[in-house]
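Structure, as structure tokens:
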Amino acid sequence: MCAIAGIFGEDISKDLKDILISLKHRGPDGSGLFIDGEVLHGEIKQMDFPEGSVGLGHNLLSIVGCQSSQPIIEDNQVLVCNGEIYNFREIKEELNEEFTTDSDCEVILKLNNSFEGENLLSSIRKTMQKLDGDYAFALWDGQNLVLGRDPVGVKPLYYGEIKGKIKAFASEKKALWKIGIMEVHTLPPGHIRLNDQLISVEELPLNGSPPYQKDPESKTFNLQQIDAELLKRDLKHALIRSVEKRITGLENVGLIFSGGVDSTILACILKNLPVKTTLYTVGSENSQDLGYALKAAEILNLDIRTQIVTEDVVKYNLEPVLSAIEEFNVMKIGVGMPTYLAAKMAKEDHQKVVLTGQGADELFAGYNRYLMDYSQKGEDTQDVLKKDIANIYHVNLQRDDAVTMAHGVELRVPFLDREVIKAAFNIPFKYKILDENDKIRKHMLRQVAVDLGVPEFIAQRPKKAAQYGSGINKILIKKVLKDFNQESYMKKLRGF
């Protein structure tokens, strides 16, 4: 994961430099820029930016090997990309072309150029449909600017303008606030922005291809015809493949670990892969997450690091978390802080990548609120889950990306792999919540967890949201936020 940015207008060099400096935490391993045809690489603060009207920049977080700094340039096209393309090796083999860098992102340019004779919209659409990855990119061909984002929205991308002066994009909102752009827009997942036109180009596999048929008359499913073992097998294999592709090339990986069923599933899969895994757990003294995590780590024989949360810890880290998530939202602070503190420990251990169980509750009906939906909608509650997955990018993913990248640590989300999403929506809702009184929920996922080696006491552990399981919410509400001037701090963050 990296940081990308771009700006168009008159005398843009100082603003581009300010943006890239503000995003340096996302990419500490190198920087590059393109301004009006001139390409430079080096340390941002020491670089002499040429004057110009078109500028693109990139800060590199090198995950595997010595990945090349961007921009990547071919013919008249310039690419900057923040992301991981998991199927880049297969694409390289398919294209059978010479590549000039060791960056997985170069396949975006090569793919786009392989669709000869097609217009830019058509070639970009086909390119994105071939990519399996988490990414946000910008491509400039000398006349047109294309911004693109993966279909889940794992990687963020924002844009805005000062009318009559400049247009710009960046990986974080505050980078645009830095240069005076206050009205900032989010590029929706699966979309491109071609110049000023917003276009949907790729959709999530929310409908899947389930091995059962719905009776249009009764609006029910014939559950006797469903092979539950087949559904479990498909889900299990999809999860294993998803984790495998996200640790390829890594010697070490971190896992943000709550001791719940979702993160323990990932721990069990990682335990059987050729990568050294360290668990990172955050919680107050005697918190549920801390207790469960320590027991699970001992049983699984995996290394674990813990951060005990106190009032002083929450106070000290409140402003950095707010700076990262760029908004005052109590729930997002409560969930974001344990992730922020876990990523901080991972950074201390020189980890470049951490995994998280984000997305499992939306796919498998983990939240208590789904019970009410189920009592009213029955099997059609599946549509509520689909809506939540479609919106997870701005509810959860942008927050999680921000708090981990504040430490220069990349977050990867195996549950939001396209094949896992497809497998999850192949499963009838009846196998997720048994009835409207079901307090445990996520049943088929819990069965898969046991098959993967998750201890029974964790496989059956009830859902506990991060802010509650860690004990942070209680400290925030009762001790820290009551004396905090949120309006003053947010004005300072926006530069007022």
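For the structure tokens, the naming scheme is as follows: chains receive sequential letters (A, B, ...) according to their order of presentation, residues are indexed from 1 within each chain, and ligands are indexed from 1 in presentation order.
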Practice item. Using only C-alpha atoms, determine which residues lie at most 12 Å from Gln77 in chain A, disregarding the query and same-chain residues fewer than 2 positions distant; provide the list as a PyMOL selection string. Key: chain A and resi 34+37+56+71-75+79-80+106+108-110+112-113+120+138-146
Quick one: write out the picked residues with N, CA and C atoms as a short mmCIF file (atom, residue, chain, number, x, y, z; two decimals), in the first residue's frame?
```
data_model
loop_
_atom_site.label_atom_id
_atom_site.label_comp_id
_atom_site.auth_asym_id
_atom_site.auth_seq_id
_atom_site.Cartn_x
_atom_site.Cartn_y
_atom_site.Cartn_z
N PHE A 34 5.70 13.14 -11.32
CA PHE A 34 5.65 13.51 -12.74
C PHE A 34 5.07 14.91 -12.81
N GLY A 37 5.75 16.14 -17.87
CA GLY A 37 6.69 15.34 -18.64
C GLY A 37 8.00 15.03 -17.95
N LEU A 56 1.56 14.44 -10.92
CA LEU A 56 1.14 13.22 -10.24
C LEU A 56 2.28 12.78 -9.33
N PRO A 71 5.91 7.33 -10.41
CA PRO A 71 4.99 6.88 -11.45
C PRO A 71 5.61 5.86 -12.41
N ILE A 72 4.73 5.05 -13.01
CA ILE A 72 5.11 4.13 -14.07
C ILE A 72 4.65 4.74 -15.38
N ILE A 73 5.54 4.79 -16.35
CA ILE A 73 5.24 5.50 -17.60
C ILE A 73 5.45 4.57 -18.79
N GLU A 74 4.51 4.57 -19.69
CA GLU A 74 4.63 3.82 -20.93
C GLU A 74 3.99 4.64 -22.05
N ASP A 75 4.79 4.90 -23.07
CA ASP A 75 4.34 5.77 -24.17
C ASP A 75 3.88 7.11 -23.57
N LEU A 79 1.00 6.32 -14.76
CA LEU A 79 0.20 5.63 -13.78
C LEU A 79 0.78 5.81 -12.38
N VAL A 80 -0.09 6.13 -11.42
CA VAL A 80 0.26 6.01 -10.00
C VAL A 80 -0.83 5.15 -9.36
N GLU A 106 2.15 -2.47 -12.50
CA GLU A 106 2.43 -2.21 -13.92
C GLU A 106 1.46 -2.94 -14.83
N ILE A 108 -1.60 -2.90 -14.76
CA ILE A 108 -2.73 -2.03 -15.11
C ILE A 108 -2.45 -1.32 -16.43
N LEU A 109 -1.25 -0.77 -16.57
CA LEU A 109 -0.88 -0.10 -17.82
C LEU A 109 -0.85 -1.10 -18.98
N LYS A 110 -0.21 -2.25 -18.76
CA LYS A 110 -0.06 -3.23 -19.83
C LYS A 110 -1.42 -3.75 -20.29
N ASN A 112 -4.34 -2.20 -19.99
CA ASN A 112 -5.06 -1.13 -20.67
C ASN A 112 -4.58 -0.97 -22.12
N ASN A 113 -3.27 -1.09 -22.31
CA ASN A 113 -2.73 -0.93 -23.67
C ASN A 113 -2.96 -2.15 -24.54
N LEU A 120 -10.77 4.86 -24.30
CA LEU A 120 -10.21 4.77 -22.96
C LEU A 120 -11.20 4.19 -21.96
N ALA A 138 -4.58 6.24 -10.53
CA ALA A 138 -4.83 7.37 -11.44
C ALA A 138 -3.99 7.16 -12.69
N LEU A 139 -4.61 7.37 -13.83
CA LEU A 139 -3.92 7.24 -15.12
C LEU A 139 -4.14 8.50 -15.93
N TRP A 140 -3.04 9.08 -16.41
CA TRP A 140 -3.08 10.30 -17.22
C TRP A 140 -2.47 9.99 -18.58
N ASP A 141 -3.20 10.29 -19.67
CA ASP A 141 -2.69 9.98 -21.01
C ASP A 141 -2.32 11.23 -21.80
N GLY A 142 -2.18 12.34 -21.11
CA GLY A 142 -1.83 13.59 -21.78
C GLY A 142 -3.04 14.47 -22.05
N GLN A 143 -4.22 13.84 -22.07
CA GLN A 143 -5.46 14.58 -22.30
C GLN A 143 -6.55 14.24 -21.28
N ASN A 144 -6.55 12.99 -20.84
CA ASN A 144 -7.61 12.50 -19.96
C ASN A 144 -7.03 11.98 -18.65
N LEU A 145 -7.75 12.24 -17.55
CA LEU A 145 -7.40 11.70 -16.25
C LEU A 145 -8.45 10.67 -15.85
N VAL A 146 -7.99 9.46 -15.51
CA VAL A 146 -8.87 8.41 -15.03
C VAL A 146 -8.49 8.08 -13.59
#
```
Exercise for review: Could you give me, as a list in words, the residues within 12 Å of Val330 in chain A, counting only C-alpha atoms and dropping anything in the same chain fewer than 3 positions from it?
Suggested key: Leu318, Val321, Leu322, Ile325, Glu327, Ile333, Gly334, Val335, Gly336, Met337, Gln467, Ile472, Asn473, Lys474, Ile475, Leu476, Ile477, Val480, Leu481, Lys482, Phe484 and Gln486 of chain A
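Nearest to His237 in chain A of all the residues A:Glu98, A:Asp11, A:Glu419, A:Glu51 is A:Glu419, based on only C-alpha atoms.
With distances restricted to only C-alpha atoms, A:Ala136 is the closest residue to Cys81 in chain A from A:Val107, A:Ala136, A:Ile63, A:Leu40.
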**Study point:** DSSP-assigned strand (DSSP E) among range 255-493 of chain A, expressed as JSON, numbers by chain
**Key:** {"A": [255, 256, 276, 277, 278, 279, 280, 281, 282, 283, 284, 303, 304, 305, 306, 307, 308, 309, 353, 354, 355, 410, 411, 412]}
With C-alpha atoms retained, export the selected residues as an mmCIF file, in the first residue's frame.
```cif
data_model
loop_
_atom_site.group_PDB
_atom_site.id
_atom_site.type_symbol
_atom_site.label_atom_id
_atom_site.label_comp_id
_atom_site.auth_asym_id
_atom_site.auth_seq_id
_atom_site.Cartn_x
_atom_site.Cartn_y
_atom_site.Cartn_z
ATOM 1 C CA LEU A 255 -2.957 -10.319 12.636
ATOM 2 C CA ILE A 256 -5.169 -7.872 14.515
ATOM 3 C CA LYS A 276 5.660 -16.276 10.759
ATOM 4 C CA THR A 277 2.517 -14.898 12.357
ATOM 5 C CA THR A 278 2.275 -12.523 15.295
ATOM 6 C CA LEU A 279 -1.060 -11.702 16.927
ATOM 7 C CA TYR A 280 -1.768 -8.153 18.156
ATOM 8 C CA THR A 281 -4.445 -7.658 20.805
ATOM 9 C CA VAL A 282 -5.644 -4.484 22.516
ATOM 10 C CA GLY A 283 -7.812 -4.369 25.631
ATOM 11 C CA SER A 284 -8.286 -2.981 29.088
ATOM 12 C CA ASP A 303 3.184 -15.375 19.311
ATOM 13 C CA ILE A 304 1.034 -12.589 20.744
ATOM 14 C CA ARG A 305 1.694 -8.994 21.751
ATOM 15 C CA THR A 306 -0.772 -7.066 23.870
ATOM 16 C CA GLN A 307 -1.475 -3.444 24.708
ATOM 17 C CA ILE A 308 -3.264 -2.823 28.001
ATOM 18 C CA VAL A 309 -5.610 0.131 27.578
ATOM 19 C CA VAL A 353 1.312 -6.096 6.556
ATOM 20 C CA VAL A 354 -1.427 -6.968 9.047
ATOM 21 C CA LEU A 355 -4.618 -8.919 8.408
ATOM 22 C CA GLU A 410 -0.804 -2.106 5.228
ATOM 23 C CA LEU A 411 -4.138 -3.666 6.192
ATOM 24 C CA ARG A 412 -5.446 -6.648 4.228
#
```
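When DSSP is run on the backbone, the residues of range 100-216 of chain A that fall into alpha helix (DSSP H) are Glu106, Val107, Ile108, Leu109, Lys110, Leu111, Asn112, Asn113, Ser114, Leu120, Leu121, Ser122, Ser123, Ile124, Arg125, Lys126, Thr127, Met128, Gln129, Lys130, Lys173, Lys174, Ala175, Leu176 and Trp177 of chain A.
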Quick one: write out the picked residues with C-alpha atoms as a short mmCIF file (atom, residue, chain, number, x, y, z; two decimals), in the first residue's frame?
```cif
data_model
loop_
_atom_site.label_atom_id
_atom_site.label_comp_id
_atom_site.auth_asym_id
_atom_site.auth_seq_id
_atom_site.Cartn_x
_atom_site.Cartn_y
_atom_site.Cartn_z
CA GLU A 106 2.43 -2.21 -13.92
CA VAL A 107 -0.08 -4.78 -15.18
CA ILE A 108 -2.73 -2.03 -15.11
CA LEU A 109 -0.88 -0.10 -17.82
CA LYS A 110 -0.06 -3.23 -19.83
CA LEU A 111 -3.63 -4.49 -19.69
CA ASN A 112 -5.06 -1.13 -20.67
CA ASN A 113 -2.73 -0.93 -23.67
CA SER A 114 -3.54 -4.50 -24.71
CA LEU A 120 -10.21 4.77 -22.96
CA LEU A 121 -13.46 4.05 -21.13
CA SER A 122 -13.79 0.62 -22.73
CA SER A 123 -10.17 -0.37 -22.14
CA ILE A 124 -10.18 0.76 -18.48
CA ARG A 125 -13.46 -1.06 -17.87
CA LYS A 126 -12.02 -4.31 -19.27
CA THR A 127 -8.78 -3.79 -17.38
CA MET A 128 -10.50 -3.42 -13.99
CA GLN A 129 -12.68 -6.46 -14.64
CA LYS A 130 -9.53 -8.57 -15.02
CA LYS A 173 -8.85 13.92 2.83
CA LYS A 174 -6.51 16.01 4.93
CA ALA A 175 -3.97 16.10 2.09
CA LEU A 176 -6.57 18.02 0.07
CA TRP A 177 -7.56 20.16 3.06
#
```
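Considering the residues A:Gly83, A:Pro151, A:Pro462, A:Gly9 and counting only C-alpha atoms, Tyr367 in chain A has its shortest atom-to-atom contact with A:Pro462.
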